[in-house]
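Chemist: Coordinates in work-v3.txt, compact mmCIF, C-alpha atoms and all ligand atoms, are listed below.
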```
# COMPACT_ATOMS: atom_id res chain seq x y z
CA MET A 1 -28.73 19.57 -19.97
CA ALA A 2 -27.18 20.65 -16.75
CA ARG A 3 -24.19 22.02 -14.99
CA LEU A 4 -23.69 20.37 -11.62
CA GLU A 5 -21.75 22.07 -8.84
CA LEU A 6 -20.60 20.71 -5.52
CA ASP A 7 -19.61 23.70 -3.41
CA SER A 8 -17.75 22.87 -0.17
CA VAL A 9 -19.93 19.80 0.27
CA THR A 10 -19.44 18.02 3.60
CA LYS A 11 -21.17 15.00 5.11
CA ARG A 12 -20.88 14.09 8.79
CA PHE A 13 -22.54 10.99 10.16
CA GLY A 14 -23.34 11.31 13.86
CA ASP A 15 -22.37 14.02 16.34
CA GLY A 16 -19.60 14.85 18.78
CA PRO A 17 -16.39 12.86 19.08
CA ASP A 18 -17.90 9.81 17.37
CA ALA A 19 -18.85 11.72 14.23
CA VAL A 20 -17.58 10.29 10.94
CA VAL A 21 -16.65 12.87 8.33
CA ALA A 22 -17.42 10.83 5.23
CA VAL A 23 -17.07 13.72 2.77
CA ASP A 24 -14.91 16.70 3.66
CA ASP A 25 -15.33 20.05 1.90
CA VAL A 26 -15.51 18.74 -1.67
CA ASN A 27 -15.56 21.23 -4.55
CA VAL A 28 -16.25 20.10 -8.12
CA ASP A 29 -17.77 22.01 -11.00
CA ILE A 30 -19.12 19.59 -13.62
CA ALA A 31 -19.85 21.11 -17.00
CA ASP A 32 -22.99 20.51 -18.99
CA GLY A 33 -22.58 17.23 -20.88
CA GLU A 34 -19.38 16.27 -19.07
CA PHE A 35 -18.55 12.71 -18.01
CA LEU A 36 -16.91 13.02 -14.59
CA VAL A 37 -15.54 9.92 -12.90
CA LEU A 38 -15.32 10.02 -9.12
CA VAL A 39 -12.66 7.48 -8.14
CA GLY A 40 -10.99 6.35 -4.92
CA PRO A 41 -10.51 3.35 -2.65
CA SER A 42 -13.36 1.65 -0.84
CA GLY A 43 -14.78 3.77 2.00
CA CYS A 44 -13.41 7.10 0.73
CA GLY A 45 -16.86 8.70 0.43
CA LYS A 46 -17.81 8.16 -3.22
CA SER A 47 -21.27 6.73 -2.65
CA THR A 48 -22.04 9.29 0.05
CA THR A 49 -21.11 12.10 -2.35
CA LEU A 50 -23.32 10.68 -5.07
CA ARG A 51 -26.20 10.07 -2.68
CA MET A 52 -26.07 13.71 -1.57
CA VAL A 53 -26.33 14.80 -5.20
CA ALA A 54 -29.24 12.40 -5.73
CA GLY A 55 -31.04 13.63 -2.60
CA LEU A 56 -30.83 10.26 -0.84
CA GLU A 57 -28.61 11.71 1.87
CA THR A 58 -28.79 15.16 3.48
CA VAL A 59 -25.91 17.58 2.99
CA THR A 60 -24.32 18.57 6.33
CA ASP A 61 -22.51 21.64 4.99
CA GLY A 62 -22.11 23.26 1.62
CA GLU A 63 -24.30 23.42 -1.43
CA VAL A 64 -25.27 21.23 -4.37
CA ARG A 65 -26.37 23.28 -7.39
CA LEU A 66 -28.01 22.19 -10.62
CA ASP A 67 -27.74 24.87 -13.31
CA GLY A 68 -26.97 27.44 -10.63
CA THR A 69 -29.94 26.58 -8.40
CA ARG A 70 -29.46 25.17 -4.91
CA ILE A 71 -31.10 21.75 -4.69
CA ASN A 72 -30.08 20.69 -1.15
CA GLU A 73 -33.66 20.77 0.09
CA ARG A 74 -35.27 19.02 -2.89
CA GLY A 75 -36.33 15.41 -2.60
CA PRO A 76 -34.88 12.82 -5.00
CA ALA A 77 -37.95 12.91 -7.24
CA GLU A 78 -37.75 16.69 -7.60
CA ARG A 79 -34.18 16.84 -8.86
CA ASP A 80 -34.49 15.60 -12.43
CA ILE A 81 -31.49 13.35 -11.79
CA ALA A 82 -31.46 9.60 -12.45
CA MET A 83 -29.30 7.19 -10.50
CA VAL A 84 -28.02 3.76 -11.54
CA PHE A 85 -26.90 1.42 -8.78
CA GLN A 86 -24.46 -1.48 -8.73
CA SER A 87 -27.27 -3.69 -7.43
CA TYR A 88 -29.54 -2.78 -10.41
CA ALA A 89 -32.50 -2.25 -8.03
CA LEU A 90 -35.10 -3.54 -10.50
CA TYR A 91 -38.63 -4.50 -9.43
CA PRO A 92 -38.66 -8.30 -9.69
CA HIS A 93 -42.42 -8.63 -10.20
CA MET A 94 -42.48 -6.21 -13.15
CA THR A 95 -41.40 -6.94 -16.70
CA VAL A 96 -38.53 -5.00 -18.24
CA ARG A 97 -41.11 -2.81 -19.96
CA GLY A 98 -42.87 -2.28 -16.63
CA ASN A 99 -39.62 -1.35 -14.93
CA MET A 100 -38.76 1.16 -17.63
CA ARG A 101 -42.28 2.63 -17.71
CA PHE A 102 -42.49 2.97 -13.96
CA GLY A 103 -40.05 5.85 -13.52
CA LEU A 104 -41.59 7.73 -16.41
CA GLU A 105 -45.10 7.35 -15.06
CA GLU A 106 -43.88 8.69 -11.72
CA SER A 107 -41.84 11.59 -12.99
CA THR A 108 -43.66 12.86 -16.09
CA ASP A 109 -47.20 13.45 -17.28
CA LEU A 110 -46.64 11.85 -20.67
CA ASP A 111 -49.60 9.87 -22.03
CA ASP A 112 -49.48 6.11 -22.49
CA GLU A 113 -48.56 6.23 -26.13
CA ALA A 114 -45.68 8.65 -25.62
CA ILE A 115 -44.35 6.52 -22.77
CA ASP A 116 -44.50 3.40 -24.95
CA GLU A 117 -42.66 5.18 -27.69
CA ARG A 118 -39.85 6.30 -25.40
CA VAL A 119 -39.51 2.85 -23.87
CA GLU A 120 -39.28 1.25 -27.32
CA GLU A 121 -36.73 3.82 -28.48
CA THR A 122 -34.53 3.39 -25.43
CA ALA A 123 -34.78 -0.39 -25.60
CA ALA A 124 -33.64 -0.30 -29.21
CA MET A 125 -30.72 1.96 -28.28
CA LEU A 126 -29.61 -0.55 -25.63
CA ASP A 127 -30.37 -3.60 -27.76
CA ILE A 128 -32.85 -5.04 -25.26
CA THR A 129 -36.04 -4.90 -27.36
CA GLU A 130 -36.46 -8.68 -27.27
CA LEU A 131 -36.25 -8.63 -23.47
CA LEU A 132 -39.08 -6.14 -22.89
CA ASP A 133 -41.63 -8.71 -21.79
CA ARG A 134 -39.32 -10.73 -19.54
CA LYS A 135 -38.96 -10.31 -15.81
CA PRO A 136 -35.56 -9.48 -14.25
CA GLY A 137 -35.26 -13.03 -12.85
CA ALA A 138 -34.98 -14.34 -16.41
CA LEU A 139 -32.09 -12.03 -17.34
CA SER A 140 -28.31 -12.32 -17.04
CA GLY A 141 -26.33 -9.79 -14.96
CA GLY A 142 -25.30 -7.87 -18.04
CA GLN A 143 -28.88 -7.71 -19.30
CA ARG A 144 -30.14 -6.52 -15.92
CA GLN A 145 -27.58 -3.74 -15.89
CA ARG A 146 -28.72 -2.69 -19.35
CA VAL A 147 -32.31 -2.54 -18.11
CA ALA A 148 -31.22 -0.47 -15.09
CA LEU A 149 -29.51 1.92 -17.50
CA GLY A 150 -32.56 1.94 -19.71
CA ARG A 151 -34.76 2.89 -16.79
CA ALA A 152 -32.52 5.90 -16.15
CA ILE A 153 -32.13 6.90 -19.80
CA VAL A 154 -35.82 6.70 -20.64
CA ARG A 155 -36.51 9.54 -18.19
CA GLU A 156 -34.25 11.90 -20.15
CA PRO A 157 -32.97 13.43 -16.90
CA ALA A 158 -30.74 16.47 -16.55
CA ALA A 159 -27.98 14.29 -15.15
CA PHE A 160 -27.04 10.65 -14.57
CA LEU A 161 -25.41 9.38 -11.40
CA MET A 162 -23.88 5.91 -11.60
CA ASP A 163 -22.52 4.09 -8.57
CA GLU A 164 -20.14 1.29 -9.64
CA PRO A 165 -22.67 0.08 -12.24
CA LEU A 166 -20.32 -2.47 -13.81
CA SER A 167 -18.82 -4.01 -10.67
CA ASN A 168 -21.02 -7.11 -10.73
CA LEU A 169 -20.08 -8.05 -14.28
CA ASP A 170 -17.24 -10.33 -15.33
CA ALA A 171 -14.08 -8.73 -16.73
CA LYS A 172 -14.86 -9.23 -20.40
CA LEU A 173 -18.40 -7.90 -20.19
CA ARG A 174 -17.23 -5.03 -18.01
CA SER A 175 -14.77 -3.85 -20.60
CA GLN A 176 -17.39 -4.16 -23.35
CA MET A 177 -19.96 -2.22 -21.29
CA ARG A 178 -17.36 0.42 -20.51
CA THR A 179 -17.01 1.18 -24.19
CA GLU A 180 -20.76 1.09 -24.75
CA LEU A 181 -21.48 3.40 -21.85
CA GLN A 182 -18.99 5.94 -23.13
CA GLN A 183 -20.53 5.77 -26.59
CA LEU A 184 -24.00 6.17 -25.10
CA GLN A 185 -22.97 9.13 -22.98
CA ASN A 186 -21.36 10.73 -26.02
CA ASP A 187 -24.57 10.32 -28.01
CA LEU A 188 -26.90 11.48 -25.23
CA ASP A 189 -24.55 14.26 -24.11
CA THR A 190 -26.03 14.16 -20.62
CA THR A 191 -24.00 15.32 -17.62
CA THR A 192 -22.83 12.18 -15.83
CA VAL A 193 -21.10 11.45 -12.54
CA TYR A 194 -19.74 7.92 -12.54
CA VAL A 195 -18.37 6.39 -9.34
CA THR A 196 -15.80 3.60 -9.34
CA HIS A 197 -12.92 2.25 -7.26
CA ASP A 198 -11.31 0.99 -10.47
CA GLN A 199 -8.58 3.26 -11.80
CA THR A 200 -8.84 1.64 -15.26
CA GLU A 201 -12.48 2.71 -15.55
CA ALA A 202 -11.51 6.19 -14.42
CA MET A 203 -8.67 6.48 -16.91
CA THR A 204 -10.63 5.16 -19.87
CA MET A 205 -14.08 6.65 -19.34
CA GLY A 206 -13.81 10.09 -17.83
CA ASP A 207 -13.57 13.47 -19.54
CA ARG A 208 -12.14 14.39 -16.16
CA ILE A 209 -11.56 12.37 -13.04
CA ALA A 210 -11.97 13.48 -9.43
CA ILE A 211 -9.79 11.48 -7.05
CA LEU A 212 -11.03 11.12 -3.49
CA ASP A 213 -9.15 9.80 -0.45
CA ALA A 214 -10.58 9.61 3.07
CA GLY A 215 -13.38 12.03 2.14
CA GLU A 216 -10.99 14.63 0.75
CA LEU A 217 -10.68 15.57 -2.89
CA GLN A 218 -7.09 15.10 -4.04
CA GLN A 219 -7.23 16.32 -7.62
CA VAL A 220 -9.68 17.02 -10.44
CA ALA A 221 -8.03 16.64 -13.82
CA THR A 222 -8.16 14.93 -17.19
CA PRO A 223 -7.02 11.31 -16.98
CA LEU A 224 -3.70 12.11 -18.63
CA GLU A 225 -3.05 15.10 -16.36
CA ALA A 226 -3.69 12.95 -13.31
CA TYR A 227 -1.40 10.27 -14.71
CA HIS A 228 1.50 12.51 -15.74
CA ARG A 229 1.05 15.45 -13.39
CA PRO A 230 -0.32 14.01 -10.17
CA ALA A 231 -0.95 16.60 -7.45
CA ASN A 232 0.46 14.32 -4.78
CA ARG A 233 1.80 10.91 -3.97
CA PHE A 234 -1.64 9.43 -3.32
CA VAL A 235 -2.84 10.24 -6.84
CA ALA A 236 0.47 9.10 -8.34
CA GLY A 237 0.16 5.73 -6.61
CA PHE A 238 -3.55 5.24 -7.18
CA ILE A 239 -3.59 5.93 -10.92
CA GLY A 240 -1.59 3.52 -13.08
CA GLU A 241 -1.07 -0.25 -13.08
CA PRO A 242 1.47 -1.54 -12.10
CA SER A 243 1.76 1.28 -9.62
CA MET A 244 4.42 3.98 -9.76
CA ASN A 245 7.69 3.09 -7.98
CA PHE A 246 8.35 5.14 -4.85
CA VAL A 247 11.80 5.39 -3.29
CA GLU A 248 12.33 7.21 0.01
CA THR A 249 15.44 9.34 -0.32
CA THR A 250 17.38 12.05 1.42
CA VAL A 251 18.78 15.03 -0.44
CA GLU A 252 22.58 15.27 -0.13
CA ASP A 253 24.81 17.54 -2.21
CA GLY A 254 22.26 17.95 -4.97
CA ALA A 255 21.60 14.22 -5.26
CA LEU A 256 18.84 11.92 -4.02
CA THR A 257 20.29 9.14 -1.91
CA ALA A 258 18.73 5.82 -0.90
CA GLY A 259 21.44 3.66 0.60
CA GLU A 260 24.70 3.12 -1.27
CA GLY A 261 22.96 1.51 -4.23
CA LEU A 262 21.19 4.64 -5.40
CA VAL A 263 22.70 8.09 -5.62
CA TYR A 264 20.72 10.07 -8.17
CA PRO A 265 22.12 13.49 -9.17
CA LEU A 266 19.52 16.17 -9.92
CA ALA A 267 19.79 19.05 -12.34
CA GLY A 268 17.62 21.87 -13.65
CA ASP A 269 13.98 22.12 -12.51
CA ALA A 270 14.22 18.97 -10.42
CA ALA A 271 17.18 20.34 -8.47
CA ASP A 272 15.36 23.67 -7.94
CA ALA A 273 12.24 21.83 -6.75
CA VAL A 274 14.03 20.15 -3.84
CA ALA A 275 16.03 23.19 -2.74
CA GLY A 276 15.50 23.39 1.02
CA ALA A 277 13.99 19.92 1.28
CA SER A 278 15.80 17.07 2.99
CA ALA A 279 13.40 14.14 2.71
CA VAL A 280 12.01 13.50 -0.74
CA THR A 281 10.16 10.58 -2.33
CA LEU A 282 11.39 9.73 -5.81
CA GLY A 283 8.66 8.40 -8.11
CA VAL A 284 9.07 6.71 -11.47
CA ARG A 285 6.54 4.75 -13.49
CA PRO A 286 7.43 1.14 -14.39
CA GLU A 287 7.26 1.84 -18.12
CA ASP A 288 9.88 4.55 -17.70
CA VAL A 289 12.43 2.33 -15.95
CA ARG A 290 14.90 1.07 -18.57
CA VAL A 291 16.36 -2.40 -18.15
CA SER A 292 19.41 -3.68 -19.97
CA ALA A 293 21.05 -7.08 -19.54
CA ASP A 294 24.17 -6.19 -21.57
CA GLY A 295 25.56 -2.70 -20.91
CA ASP A 296 23.82 0.59 -20.12
CA PRO A 297 20.43 1.52 -21.54
CA ALA A 298 21.33 3.76 -24.45
CA ASP A 299 18.89 6.60 -23.83
CA VAL A 300 19.73 7.23 -20.17
CA ALA A 301 22.62 9.38 -18.91
CA SER A 302 25.26 7.22 -17.21
CA GLU A 303 24.87 8.93 -13.80
CA HIS A 304 21.25 7.71 -13.79
CA VAL A 305 22.11 4.05 -14.46
CA PHE A 306 22.53 1.53 -11.63
CA ASP A 307 23.42 -2.10 -11.04
CA ALA A 308 20.47 -4.34 -10.29
CA THR A 309 19.40 -7.96 -10.01
CA VAL A 310 16.29 -9.34 -11.65
CA ASP A 311 14.21 -11.03 -8.94
CA VAL A 312 11.10 -12.15 -10.77
CA VAL A 313 9.71 -11.70 -14.27
CA GLU A 314 5.94 -11.85 -14.74
CA PRO A 315 5.05 -12.40 -18.41
CA MET A 316 1.74 -10.70 -19.28
CA GLY A 317 1.97 -11.44 -23.00
CA ASN A 318 1.98 -7.85 -24.23
CA GLU A 319 4.60 -6.91 -21.64
CA ASN A 320 6.83 -8.38 -18.98
CA VAL A 321 6.64 -7.00 -15.46
CA VAL A 322 10.19 -7.13 -14.12
CA HIS A 323 10.85 -6.93 -10.38
CA LEU A 324 14.38 -5.70 -9.64
CA THR A 325 16.53 -5.10 -6.59
CA LEU A 326 19.36 -2.59 -6.42
CA PRO A 327 22.18 -3.91 -4.19
CA ASN A 328 22.11 -1.87 -0.96
CA GLY A 329 19.31 0.08 -2.57
CA PRO A 330 15.58 -0.01 -3.27
CA ASP A 331 13.37 -2.45 -5.17
CA LEU A 332 12.01 -1.28 -8.51
CA THR A 333 9.37 -2.58 -10.91
CA ALA A 334 9.84 -2.14 -14.65
CA THR A 335 7.64 -3.09 -17.57
CA VAL A 336 9.33 -4.08 -20.82
CA ASP A 337 8.17 -5.45 -24.14
CA GLY A 338 6.56 -8.88 -23.86
CA LEU A 339 8.88 -10.40 -26.47
CA ARG A 340 12.03 -9.51 -24.55
CA GLN A 341 13.64 -12.50 -22.87
CA ILE A 342 14.79 -11.65 -19.36
CA ALA A 343 15.48 -14.48 -16.92
CA ASP A 344 14.98 -14.47 -13.16
CA GLY A 345 18.27 -13.95 -11.33
CA THR A 346 20.00 -12.08 -14.18
CA ASP A 347 22.34 -9.19 -13.39
CA ALA A 348 21.14 -6.07 -15.14
CA ARG A 349 21.63 -2.33 -15.43
CA VAL A 350 18.61 -0.11 -14.81
CA GLY A 351 18.22 3.44 -16.03
CA ILE A 352 15.90 6.05 -14.55
CA PRO A 353 15.66 8.86 -17.14
CA ALA A 354 15.80 12.36 -15.66
CA LYS A 355 12.81 13.51 -17.71
CA ALA A 356 10.62 10.74 -16.22
CA ILE A 357 11.07 11.36 -12.50
CA HIS A 358 8.49 12.69 -10.04
CA LEU A 359 9.46 14.16 -6.68
CA PHE A 360 7.18 14.32 -3.65
CA ASP A 361 7.58 15.95 -0.27
CA ARG A 362 7.95 13.00 2.07
CA ASP A 363 5.86 14.54 4.87
CA SER A 364 2.95 16.11 3.01
CA GLY A 365 3.06 13.89 -0.08
CA GLU A 366 2.66 16.99 -2.23
CA ALA A 367 4.24 16.86 -5.70
CA LEU A 368 7.35 19.06 -5.86
CA HIS A 369 8.19 18.15 -9.43
CA ASN A 370 6.47 16.11 -12.14
CA ARG A 371 7.95 14.43 -15.19
CA SER A 372 8.61 16.64 -18.18
CA LEU A 373 6.47 16.23 -21.25
CA ASP A 374 6.30 17.89 -24.60
CA ASP A 375 3.22 20.09 -24.53
CA ALA A 376 1.95 18.24 -27.57
CA GLU A 377 1.90 15.02 -25.55
CA MET A 378 -0.45 16.52 -22.95
CA ASP A 379 -2.64 18.74 -25.09
CA ALA A 380 -3.77 16.13 -27.58
CA PRO A 381 -7.57 16.32 -27.65
CA ASN A 382 -9.40 13.54 -25.83
CA VAL A 383 -11.28 12.08 -28.80
P1 LIG B 1 -17.35 4.48 -0.82
O1 LIG B 1 -18.59 4.54 -1.62
O2 LIG B 1 -16.25 5.35 -1.36
O3 LIG B 1 -16.85 3.07 -0.61
P2 LIG B 1 -19.02 5.48 1.34
O4 LIG B 1 -19.46 6.80 0.82
O5 LIG B 1 -19.99 4.36 1.26
O6 LIG B 1 -17.63 5.06 0.65
O7 LIG B 1 -18.58 5.64 2.88
C1 LIG B 1 -17.70 6.65 3.30
C2 LIG B 1 -17.54 6.57 4.82
O8 LIG B 1 -18.75 6.94 5.45
C3 LIG B 1 -17.18 5.20 5.33
O9 LIG B 1 -16.29 5.35 6.39
C4 LIG B 1 -18.51 4.66 5.80
O10 LIG B 1 -18.31 3.73 6.83
C5 LIG B 1 -19.19 5.92 6.31
N1 LIG B 1 -20.66 5.82 6.21
C6 LIG B 1 -21.37 5.66 5.06
N2 LIG B 1 -22.70 5.64 5.33
C7 LIG B 1 -22.82 5.78 6.68
C8 LIG B 1 -23.92 5.86 7.58
N3 LIG B 1 -25.19 5.80 7.14
N4 LIG B 1 -23.65 6.03 8.90
C9 LIG B 1 -22.38 6.13 9.35
N5 LIG B 1 -21.29 6.06 8.55
C10 LIG B 1 -21.50 5.91 7.23
MG MG B 2 -19.64 2.98 -2.57
```
Before we go any further, please render this structure as structure tokens.
Modeler:
Amino acid sequence: MARLELDSVTKRFGDGPDAVVAVDDVNVDIADGEFLVLVGPSGCGKSTTLRMVAGLETVTDGEVRLDGTRINERGPAERDIAMVFQSYALYPHMTVRGNMRFGLEESTDLDDEAIDERVEETAAMLDITELLDRKPGALSGGQRQRVALGRAIVREPAAFLMDEPLSNLDAKLRSQMRTELQQLQNDLDTTTVYVTHDQTEAMTMGDRIAILDAGELQQVATPLEAYHRPANRFVAGFIGEPSMNFVETTVEDGALTAGEGLVYPLAGDAADAVAGASAVTLGVRPEDVRVSADGDPADVASEHVFDATVDVVEPMGNENVVHLTLPNGPDLTATVDGLRQIADGTDARVGIPAKAIHLFDRDSGEALHNRSLDDAEMDAPNV
């Protein structure tokens, strides 16, 4: 049981002009029992952040606190925190049982019998009982990752840190393990920080997600908040697949303009949000772009409907990803129902509903306006 706080945590590698600021003034307050996913592109500082929490890397500035106590100066073994690595890091010469026992023998003064009991219990929980007497070399990747998890769980630590633990598994197994890990974390109710570059893992696993770019924290929010109310263009583009459409526009006479093909009148909150701005990025998610091959999409006001040509349709089965071009205007991606027949090269009308648009300051990337939602849509409990 533990609350974990990162208070203005900074990591610099090296000194002087060659110094690399890998983690820049990161603040996150992780509640007891919370599952926080730290997500961002490769090289953004995720592993460095986690390693500072684990005690594997010194903290240059700021403070890491466990239940209110500063732990910066404690060694990894004195933190009561267990880490799971992508590479499993199992001892090859020890059996699974040996690997699981090892951490416990190091970190507790339990007697042999109690250790055995815990190992058996944890193995049963992870469904690896029949593997206990094998060595890692005789296990599949998925089984090894289970053992690595088991070695962390058996210690009953105050917190788990996981660094891309599923990255080495194939897609099917990864999605299965994702579900299992969530279930496990729910049952154990242990504070967990889970690092991934995969926005799908972040969306599906986290109670909250912390999005990092170039060492800087962009937003800490529930997955749905980050998806529907991104703090800035980076978050908007990083979360969601296919990615949000972005159109660079100028504001003229209360309308967003991108060439002759797109003049998008604004009203209400959206109009207020761009008052005084001249360069604005229009964002709209592919599932919100309406496509019609015969006439205007019915649920979109006519001033928000435009001529377009269908370039390419990618059938995914459940949906079609439709790539469109507006004449003298931008390209857009739309997703539509998989059973809809839309041919490459078709002329179409596309609608961009006013309630679905996001607006970003073109210089800073900061969100000026996010899509409107019924409160009920956002506040549904994350069960
Ligand atoms: P991520 O896990 O998000 O891919 P890392 O935390 O591993 O990113 O790295 C963040 C940045 O810090 C990168 O630019 C990386 O090159 C740099 N970095 C990481 N470890 C070291 C190190 N020991 N010395 C110098 N630079 C490092
Ligand atoms: Mg990493």
Chemist: Write out as a Markdown table the residues of region 106-125 of chain A that have any atom within 12 Å of an atom of region 145-148 of chain A, one row each with the nearest atom pair and its distance in Å to one decimal, counting all atoms listed in the file, sorted by chain and then rising number.
Modeler:
```
| residue | atom | partner | partner_atom | distance |
| --- | --- | --- | --- | --- |
| A:Val119 | CA | A:Val147 | CA | 10.7 |
| A:Thr122 | CA | A:Val147 | CA | 9.7 |
| A:Ala123 | CA | A:Val147 | CA | 8.2 |
| A:Ala124 | CA | A:Arg146 | CA | 11.3 |
| A:Met125 | CA | A:Arg146 | CA | 10.3 |
```
Chemist: For ligand MG 2 (chain B), return the neighbouring residues as a PyMOL selection string (distance at most 7 Å; only C-alpha atoms and all ligand atoms).
Modeler: chain A and resi 42-43+46-47+163
Chemist: Each residue of chain A lying at most 9 Å from ligand LIG 1 (chain B) should get a row with its shortest atom-to-atom pair and the distance in Å to one decimal, counting all atoms listed in the file; could you produce that, ordered by chain and increasing number, as a Markdown table?
Modeler:
```
| residue | atom | partner | partner_atom | distance |
| --- | --- | --- | --- | --- |
| A:Lys11 | CA | B:LIG1 | O8 | 8.4 |
| A:Arg12 | CA | B:LIG1 | N5 | 8.0 |
| A:Phe13 | CA | B:LIG1 | C9 | 4.9 |
| A:Gly14 | CA | B:LIG1 | C9 | 6.9 |
| A:Ala19 | CA | B:LIG1 | C9 | 8.2 |
| A:Val20 | CA | B:LIG1 | N5 | 6.1 |
| A:Val21 | CA | B:LIG1 | O8 | 6.9 |
| A:Ala22 | CA | B:LIG1 | O8 | 4.1 |
| A:Val23 | CA | B:LIG1 | C1 | 7.1 |
| A:Val39 | CA | B:LIG1 | O2 | 8.0 |
| A:Gly40 | CA | B:LIG1 | O2 | 6.4 |
| A:Pro41 | CA | B:LIG1 | O2 | 6.2 |
| A:Ser42 | CA | B:LIG1 | O3 | 3.8 |
| A:Gly43 | CA | B:LIG1 | O3 | 3.4 |
| A:Cys44 | CA | B:LIG1 | O2 | 3.9 |
| A:Gly45 | CA | B:LIG1 | O4 | 3.2 |
| A:Lys46 | CA | B:LIG1 | O2 | 3.7 |
| A:Ser47 | CA | B:LIG1 | O1 | 3.6 |
| A:Thr48 | CA | B:LIG1 | O4 | 3.7 |
| A:Thr49 | CA | B:LIG1 | O4 | 6.4 |
| A:Leu50 | CA | B:LIG1 | O4 | 8.0 |
| A:Arg51 | CA | B:LIG1 | O4 | 8.3 |
| A:Glu57 | CA | B:LIG1 | N3 | 8.6 |
| A:Asp163 | CA | B:LIG1 | O1 | 8.0 |
| A:Glu164 | CA | B:LIG1 | O1 | 8.8 |
| A:Val195 | CA | B:LIG1 | O1 | 7.9 |
| A:Thr196 | CA | B:LIG1 | O2 | 8.2 |
| A:His197 | CA | B:LIG1 | O2 | 7.5 |
| A:Leu212 | CA | B:LIG1 | O2 | 8.1 |
| A:Asp213 | CA | B:LIG1 | O2 | 8.4 |
| A:Ala214 | CA | B:LIG1 | C1 | 7.7 |
| A:Gly215 | CA | B:LIG1 | C1 | 7.0 |
```
Chemist: In Å, how far is it from CA of Phe246 (chain A) to CA of Glu201 (chain A)?
Modeler: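 About the pair CA of Phe246 (chain A) and CA of Glu201 (chain A): they are 23.5 Å apart.
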Chemist: Which one of A:Ile211, A:Ala152, A:Leu368, A:Ala171 sits closest to Ser107 (chain A) if you count only C-alpha atoms?
Modeler: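 With only C-alpha atoms as the atom set, the closest residue is A:Ala152.
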Chemist: Could you tell me which of A:Met203, A:Ala277, A:Val305, A:Met94 comes closest to Asp363 (chain A) if we count only C-alpha atoms?
Modeler: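 The closest residue to Asp363 (chain A) is A:Ala277.
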Chemist: Nearest residue to Val64 (chain A) out of A:Leu4, A:Val336, A:Ala82, A:Ala356, using all atoms listed in the file?
Modeler: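 Checking each candidate against Val64 (chain A), we get A:Leu4 as the closest.
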Chemist: Which residue out of A:Val274, A:Ala231, A:Ala279, A:Ile239 has the minimum interatomic distance to Ala258 (chain A) when all atoms listed in the file are used?
Modeler: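 The answer is A:Ala279, which sits nearest to Ala258 (chain A).
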Chemist: Between CA of Thr333 (chain A) and CA of Pro297 (chain A), what distance in Å does the model show, to one decimal?
Modeler: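 These atoms are spaced 15.9 Å apart.
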Chemist: Could you tell me which of A:Val263, A:Val310, A:Leu6, A:Ala54 comes closest to Val84 (chain A) if we count all atoms listed in the file?
Modeler: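 Counting all atoms listed in the file, the residue closest to Val84 (chain A) is A:Ala54.
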Chemist: In Å to one decimal, how far is CA of Leu126 (chain A) from CA of Gln183 (chain A)?
Modeler: 11.1 Å
Chemist: Using the file's own x, y and z axes, so that the box edges lie along x, y and z, what centre and edge lengths in Å (one decimal) does a box around every listed atom of region 188-197 of chain A get when 4 Å is added on each side? Give it as lines of an AutoDock Vina configuration file.
Modeler:
```
center_x = -19.9
center_y = 8.8
center_z = -16.2
size_x = 22.0
size_y = 21.1
size_z = 26.0
```
Chemist: Looking at only C-alpha atoms, which of A:Ala343, A:Leu262, A:Ala210, A:Ala273 is the one that sits closest to Asn370 (chain A)?
Modeler: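 Selected residue with least distance to Asn370 (chain A): A:Ala273.
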Chemist: Which residues, written as a VMD selection string, have at least one atom at most 12 Å from Leu132 (chain A), with all atoms listed in the file counted and residues fewer than 2 positions away on the same chain left out?
Modeler: chain A and resid 94 to 101 116 119 to 124 126 to 130 134 to 136 138 to 139 143 to 144 146 to 147 150 to 151
Chemist: Mind checking which residues fall within 10 Å of Arg233 (chain A), counting only C-alpha atoms, ignoring those fewer than 3 positions away in the same chain, and posting them as a ChimeraX atom specification?
Modeler: /A:218,230,236-238,244,246,281-283,358-362,364-367
Chemist: Hey, could you make a per-residue contact list for region 138-191 of chain A against region 28-32 of chain A with 10 Å as the cut-off, showing the nearest pair of atoms and its distance in Å to one decimal, counting all atoms listed in the file, sorted by chain and number, as JSON lines?
Modeler:
```
{"residue": "A:Ala158", "atom": "CA", "partner": "A:Asp32", "partner_atom": "CA", "distance": 9.1}
{"residue": "A:Ala159", "atom": "CA", "partner": "A:Asp32", "partner_atom": "CA", "distance": 8.9}
{"residue": "A:Asp189", "atom": "CA", "partner": "A:Asp32", "partner_atom": "CA", "distance": 8.2}
{"residue": "A:Thr190", "atom": "CA", "partner": "A:Asp32", "partner_atom": "CA", "distance": 7.2}
{"residue": "A:Thr191", "atom": "CA", "partner": "A:Asp32", "partner_atom": "CA", "distance": 5.5}
```
Chemist: Identify the residues within 7 Å of coordinate (-3.0, 0.7, -17.5) (same frame as the file), considering only C-alpha atoms, and give the answer as a short mmCIF file (atom, residue, chain, number, x, y, z; two decimals) with C-alpha atoms, in the frame of the given file.
Modeler:
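The resulting file, out-v5.cif, is shown below:
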```
data_model
loop_
_atom_site.label_atom_id
_atom_site.label_comp_id
_atom_site.auth_asym_id
_atom_site.auth_seq_id
_atom_site.Cartn_x
_atom_site.Cartn_y
_atom_site.Cartn_z
CA THR A 200 -8.84 1.64 -15.26
CA GLY A 240 -1.59 3.52 -13.08
CA GLU A 241 -1.07 -0.25 -13.08
#
```
Chemist: Compile the contact shell of Pro265 (chain A) as a list in words: residues with an atom at most 9 Å away, counting all atoms listed in the file, same-chain residues fewer than 2 positions apart removed.
Modeler: Asp253, Gly254, Ala255, Leu256, Thr257, Val263, Ala267, Ala271, Glu303 and His304 of chain A
